[in-house]
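Let me begin by presenting the structure, written as structure tokens, before commenting on it.
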Amino acid sequence: MRTIVHITSAHPRFDVRIFFKHCKSFECMGFNTHLLVADGKGEEQVGKILIHDVGKPINRVERVLKIPNRMLKKAIELDADIYILHDPELLQIALKLKNLKRKVVFDSHENYSKQILGKQYINKFIRFILSYIFSIYERFVSKRIDAVIAATPSIRDYFLSFGIKSLDINNYPLLSEIDLNASSNWDNKSNEVCYIGGIASSRGIIELVDSLSLTSAEVKLNLCGEFSESSTQLCCQKKTGWNRVNYFGLLSRKELFPLINQSIAGIVTFHPSPNHLDSQPNKMFEYMANGMPIIASNFPLWERIIKENKCGLIVDPLSSLDIAKAIDFLVANREIAKQMGTNGKHAIIEKYNWDVEEKKLINFIEQI
């Protein structure tokens, strides 16, 4: 039996892409599947997947400088046939694993050089230098390992442009989590919208909270996730619109579904930073999977997906008034909103689902 080890220094052990999609798919295909994490929660076995923990870092510096070496030591002990690395700081151990005559793959969840350019708290000139240095380093390592898995077609094309073997494995929803025969009860839906996922100023939370004070209808926001910046949370809490926010913090996937089902729209109004323009947020497709219309940023890729599938509305993410008008439209036009939700769900069933991506992933790894 072949052994595969997924390694993440930054993601939680039950990350949707890494655990519920990658690991579960390889487990079902008969691989001896291991997951190596750094969260301080200890060893665990879930089904046939073995989770190994090297301990939680005390800060970001330790995560980047020390955790990879701990993971390298454990990875060598596991003596796998193939290693899949899920974080950019793990590139520093990629060539060491490759020297063991094993297969090594980098799963690029983001375009990290673009992500650096979007970090507003870093001096603009320093951002440019760091992005340039990282892009050179990333290409150097990626050319010497076996392949790169890309979370979006644009990331795939970036690596392919440098002659690096790459395939996009998109972060589409799991069909197993969708009740294909269920229809949302729109008669019982409240005047509520929802946002699920990491919460940050760059993801449009300030404009979204502001929009709640500009809607004609009294609309509540079901906000689920964790703030990445305490200053942003404080800023939001001081705004008039915060009185219309139901803040739930981080919820399990099972706890999320009732909130999704009572909301009339899912919000994904990220700012137009370099790393967002070509991204494909998991939340957008999960909203569609649950029969919800989307209110999304007017990026060309997102606009194409939403217009082709007639599953939502496009807004200027920097305009709270634009967001408020979209919310009001869906509140006032329930039948249109319901049809958009139905369209989105059909698109997930037909093409934007993990079953399609799983076949691509397994075939790609088999080739390697």
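Chain labels follow the order of the structure tokens: the first chain is A, the next B, and so on; residue numbering restarts at 1 in every chain, and ligands are counted from 1 in their shown order.
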TODO: Skip A:Gln233 itself and residues of its chain fewer than 6 positions away, then list as an NGL selection string all residues within 9 Å of it, counting only C-alpha atoms.
DONE: :A and (199-201 or 206 or 227)
Any chance you could tabulate, as a Markdown table, the residues of stretch 203-290 of chain A at most 8 Å from stretch 194-198 of chain A with each one's nearest atom pair and distance in Å to one decimal, using only C-alpha atoms, in chain and rising number order?
| residue | atom | partner | partner_atom | distance |
| --- | --- | --- | --- | --- |
| A:Leu221 | CA | A:Cys194 | CA | 5.4 |
| A:Asn222 | CA | A:Cys194 | CA | 4.5 |
| A:Leu223 | CA | A:Tyr195 | CA | 5.1 |
| A:Cys224 | CA | A:Ile196 | CA | 4.8 |
| A:Gly225 | CA | A:Gly197 | CA | 4.9 |
| A:Glu226 | CA | A:Gly198 | CA | 5.6 |
| A:Phe227 | CA | A:Gly198 | CA | 6.5 |
| A:Ser228 | CA | A:Gly198 | CA | 7.0 |
| A:Leu259 | CA | A:Cys194 | CA | 7.5 |
| A:Ile260 | CA | A:Cys194 | CA | 6.8 |
| A:Ser263 | CA | A:Cys194 | CA | 6.2 |
| A:Ala265 | CA | A:Cys194 | CA | 6.5 |
| A:Gly266 | CA | A:Cys194 | CA | 5.1 |
| A:Ile267 | CA | A:Tyr195 | CA | 5.2 |
| A:Val268 | CA | A:Tyr195 | CA | 7.0 |
| A:Lys283 | CA | A:Ile196 | CA | 6.7 |
Write out as a JSON list (two decimals) with C-alpha atoms, in the first residue's frame which residues come within 8 Å of A:Ala38 when counting only C-alpha atoms, dropping same-chain ones fewer than 3 positions away.
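Result file out_36.json:
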[["chain", "number", "residue", "atom", "x", "y", "z"],
["A", 8, "THR", "CA", 0.65, 21.88, 6.86],
["A", 9, "SER", "CA", 2.29, 24.28, 9.28],
["A", 10, "ALA", "CA", -0.42, 26.95, 9.13],
["A", 53, "ASP", "CA", 1.22, 16.91, 15.66],
["A", 54, "VAL", "CA", 4.66, 18.54, 16.06],
["A", 55, "GLY", "CA", 3.40, 21.12, 18.56],
["A", 56, "LYS", "CA", 1.94, 24.60, 18.22],
["A", 57, "PRO", "CA", 4.38, 27.46, 17.51],
["A", 67, "ILE", "CA", 8.23, 24.24, 12.66]]
- [ ] Show which residues sit within 9 Å of A:Lys48, as a list in words. Count only C-alpha atoms, and ignore same-chain residues fewer than 3 positions away.
- [x]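 My reading of the contact set: Glu27, Asn32, Thr33, His34 and Gln45 of chain A.
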As a compact mmCIF listing (two decimals) with N, CA, C and O atoms, in the first residue's frame, which residues of stretch 161-315 of chain A does DSSP assign to alpha helix (DSSP H)?
# COMPACT_ATOMS: atom_id res chain seq x y z
N ILE A 205 -15.17 43.60 5.17
CA ILE A 205 -16.08 43.56 6.32
C ILE A 205 -16.54 44.96 6.74
O ILE A 205 -17.70 45.15 7.13
N ILE A 206 -15.67 45.96 6.64
CA ILE A 206 -16.04 47.30 7.09
C ILE A 206 -17.14 47.87 6.20
O ILE A 206 -18.15 48.40 6.68
N GLU A 207 -16.98 47.73 4.88
CA GLU A 207 -18.02 48.20 3.96
C GLU A 207 -19.31 47.42 4.14
O GLU A 207 -20.41 47.99 4.03
N LEU A 208 -19.20 46.12 4.42
CA LEU A 208 -20.40 45.29 4.61
C LEU A 208 -21.17 45.73 5.84
O LEU A 208 -22.40 45.87 5.79
N VAL A 209 -20.47 45.97 6.95
CA VAL A 209 -21.15 46.44 8.16
C VAL A 209 -21.77 47.81 7.91
O VAL A 209 -22.91 48.09 8.33
N ASP A 210 -21.06 48.68 7.22
CA ASP A 210 -21.61 50.00 6.89
C ASP A 210 -22.88 49.88 6.06
O ASP A 210 -23.83 50.66 6.23
N SER A 211 -22.91 48.89 5.15
CA SER A 211 -24.07 48.76 4.26
C SER A 211 -25.36 48.46 5.02
O SER A 211 -26.44 48.81 4.57
N LEU A 212 -25.23 47.83 6.19
CA LEU A 212 -26.42 47.46 6.96
C LEU A 212 -27.17 48.68 7.47
O LEU A 212 -28.38 48.61 7.72
N SER A 230 -7.54 42.62 15.29
CA SER A 230 -8.36 43.14 16.39
C SER A 230 -8.79 44.58 16.12
O SER A 230 -9.88 45.00 16.52
N SER A 231 -7.96 45.33 15.42
CA SER A 231 -8.30 46.72 15.11
C SER A 231 -9.52 46.79 14.18
O SER A 231 -10.37 47.68 14.32
N THR A 232 -9.60 45.85 13.25
CA THR A 232 -10.75 45.81 12.34
C THR A 232 -12.02 45.44 13.09
O THR A 232 -13.09 46.01 12.86
N GLN A 233 -11.92 44.49 14.02
CA GLN A 233 -13.09 44.11 14.82
C GLN A 233 -13.59 45.30 15.64
O GLN A 233 -14.80 45.57 15.70
N LEU A 234 -12.66 46.03 16.25
CA LEU A 234 -13.03 47.19 17.06
C LEU A 234 -13.69 48.26 16.18
O LEU A 234 -14.69 48.87 16.59
N CYS A 235 -13.14 48.47 15.00
CA CYS A 235 -13.70 49.44 14.06
C CYS A 235 -15.13 49.07 13.70
O CYS A 235 -16.03 49.93 13.69
N CYS A 236 -15.37 47.81 13.41
CA CYS A 236 -16.72 47.35 13.04
C CYS A 236 -17.71 47.52 14.20
O CYS A 236 -18.86 47.93 14.00
N GLN A 237 -17.26 47.19 15.39
CA GLN A 237 -18.14 47.25 16.56
C GLN A 237 -18.56 48.68 16.90
O GLN A 237 -19.55 48.89 17.60
N ARG A 253 -18.84 23.11 10.66
CA ARG A 253 -19.59 23.07 9.41
C ARG A 253 -21.05 22.69 9.65
O ARG A 253 -21.95 23.21 9.00
N LYS A 254 -21.29 21.82 10.62
CA LYS A 254 -22.66 21.41 10.92
C LYS A 254 -23.47 22.57 11.50
O LYS A 254 -24.66 22.73 11.21
N GLU A 255 -22.81 23.41 12.30
CA GLU A 255 -23.49 24.56 12.90
C GLU A 255 -23.79 25.66 11.88
O GLU A 255 -24.68 26.48 12.08
N LEU A 256 -23.05 25.67 10.78
CA LEU A 256 -23.22 26.72 9.77
C LEU A 256 -24.50 26.56 8.95
O LEU A 256 -25.13 27.55 8.57
N PHE A 257 -24.89 25.32 8.69
CA PHE A 257 -25.96 25.08 7.74
C PHE A 257 -27.30 25.72 8.12
O PHE A 257 -27.99 26.27 7.26
N PRO A 258 -27.72 25.71 9.41
CA PRO A 258 -28.98 26.40 9.74
C PRO A 258 -28.93 27.90 9.44
O PRO A 258 -29.91 28.48 8.99
N LEU A 259 -27.77 28.52 9.66
CA LEU A 259 -27.64 29.96 9.39
C LEU A 259 -27.69 30.22 7.88
O LEU A 259 -28.27 31.21 7.44
N ILE A 260 -27.07 29.33 7.11
CA ILE A 260 -27.11 29.46 5.66
C ILE A 260 -28.55 29.34 5.17
O ILE A 260 -29.01 30.12 4.33
N ASN A 261 -29.28 28.38 5.71
CA ASN A 261 -30.64 28.10 5.24
C ASN A 261 -31.63 29.22 5.56
O ASN A 261 -32.65 29.35 4.88
N ASN A 282 -13.75 29.59 -1.61
CA ASN A 282 -14.56 28.42 -1.31
C ASN A 282 -15.98 28.81 -0.91
O ASN A 282 -16.95 28.15 -1.30
N LYS A 283 -16.09 29.91 -0.16
CA LYS A 283 -17.40 30.32 0.35
C LYS A 283 -18.38 30.63 -0.78
O LYS A 283 -19.57 30.37 -0.66
N MET A 284 -17.88 31.18 -1.88
CA MET A 284 -18.77 31.52 -3.00
C MET A 284 -19.48 30.27 -3.52
O MET A 284 -20.69 30.27 -3.76
N PHE A 285 -18.72 29.20 -3.69
CA PHE A 285 -19.30 27.97 -4.22
C PHE A 285 -20.15 27.25 -3.17
O PHE A 285 -21.12 26.57 -3.51
N GLU A 286 -19.80 27.41 -1.89
CA GLU A 286 -20.62 26.79 -0.85
C GLU A 286 -21.96 27.51 -0.71
O GLU A 286 -22.98 26.88 -0.43
N TYR A 287 -21.98 28.82 -0.89
CA TYR A 287 -23.25 29.54 -0.93
C TYR A 287 -24.11 28.97 -2.07
O TYR A 287 -25.30 28.68 -1.89
N MET A 288 -23.51 28.83 -3.25
CA MET A 288 -24.24 28.29 -4.41
C MET A 288 -24.75 26.89 -4.12
O MET A 288 -25.89 26.54 -4.46
N ALA A 289 -23.92 26.06 -3.49
CA ALA A 289 -24.30 24.68 -3.21
C ALA A 289 -25.52 24.59 -2.31
O ALA A 289 -26.28 23.62 -2.37
N PRO A 300 -13.52 40.46 -12.86
CA PRO A 300 -13.92 39.81 -14.11
C PRO A 300 -14.22 38.31 -13.99
O PRO A 300 -15.21 37.82 -14.54
N LEU A 301 -13.37 37.56 -13.26
CA LEU A 301 -13.59 36.12 -13.12
C LEU A 301 -14.88 35.83 -12.37
O LEU A 301 -15.70 35.00 -12.80
N TRP A 302 -15.11 36.53 -11.26
CA TRP A 302 -16.31 36.31 -10.47
C TRP A 302 -17.56 36.74 -11.25
O TRP A 302 -18.59 36.06 -11.21
N GLU A 303 -17.44 37.86 -11.96
CA GLU A 303 -18.57 38.35 -12.75
C GLU A 303 -18.94 37.33 -13.83
O GLU A 303 -20.14 37.08 -14.08
N ARG A 304 -17.94 36.71 -14.46
CA ARG A 304 -18.21 35.72 -15.48
C ARG A 304 -18.96 34.52 -14.90
O ARG A 304 -19.95 34.04 -15.46
N ILE A 305 -18.48 34.01 -13.74
CA ILE A 305 -19.12 32.85 -13.10
C ILE A 305 -20.57 33.17 -12.74
O ILE A 305 -21.49 32.38 -13.01
N ILE A 306 -20.79 34.34 -12.16
CA ILE A 306 -22.13 34.69 -11.68
C ILE A 306 -23.08 34.98 -12.84
O ILE A 306 -24.24 34.54 -12.84
N LYS A 307 -22.59 35.68 -13.87
CA LYS A 307 -23.47 36.00 -15.00
C LYS A 307 -23.76 34.77 -15.85
O LYS A 307 -24.89 34.58 -16.31
N GLU A 308 -22.75 33.91 -16.07
CA GLU A 308 -22.98 32.70 -16.86
C GLU A 308 -24.01 31.79 -16.21
O GLU A 308 -24.80 31.13 -16.89
N ASN A 309 -24.00 31.76 -14.88
CA ASN A 309 -24.89 30.85 -14.16
C ASN A 309 -26.12 31.55 -13.57
O ASN A 309 -26.95 30.89 -12.94
Interface rows for stretch 6-32 of chain A against stretch 157-169 of chain A: nearest pair, Å to one decimal, 12 Å, only C-alpha atoms, as a tab-separated table:
residue	atom	partner	partner_atom	distance
A:Arg17	CA	A:Ile169	CA	10.0
A:Ile18	CA	A:Ile169	CA	11.7
A:Lys21	CA	A:Ile169	CA	10.4
A:His22	CA	A:Ile169	CA	9.9
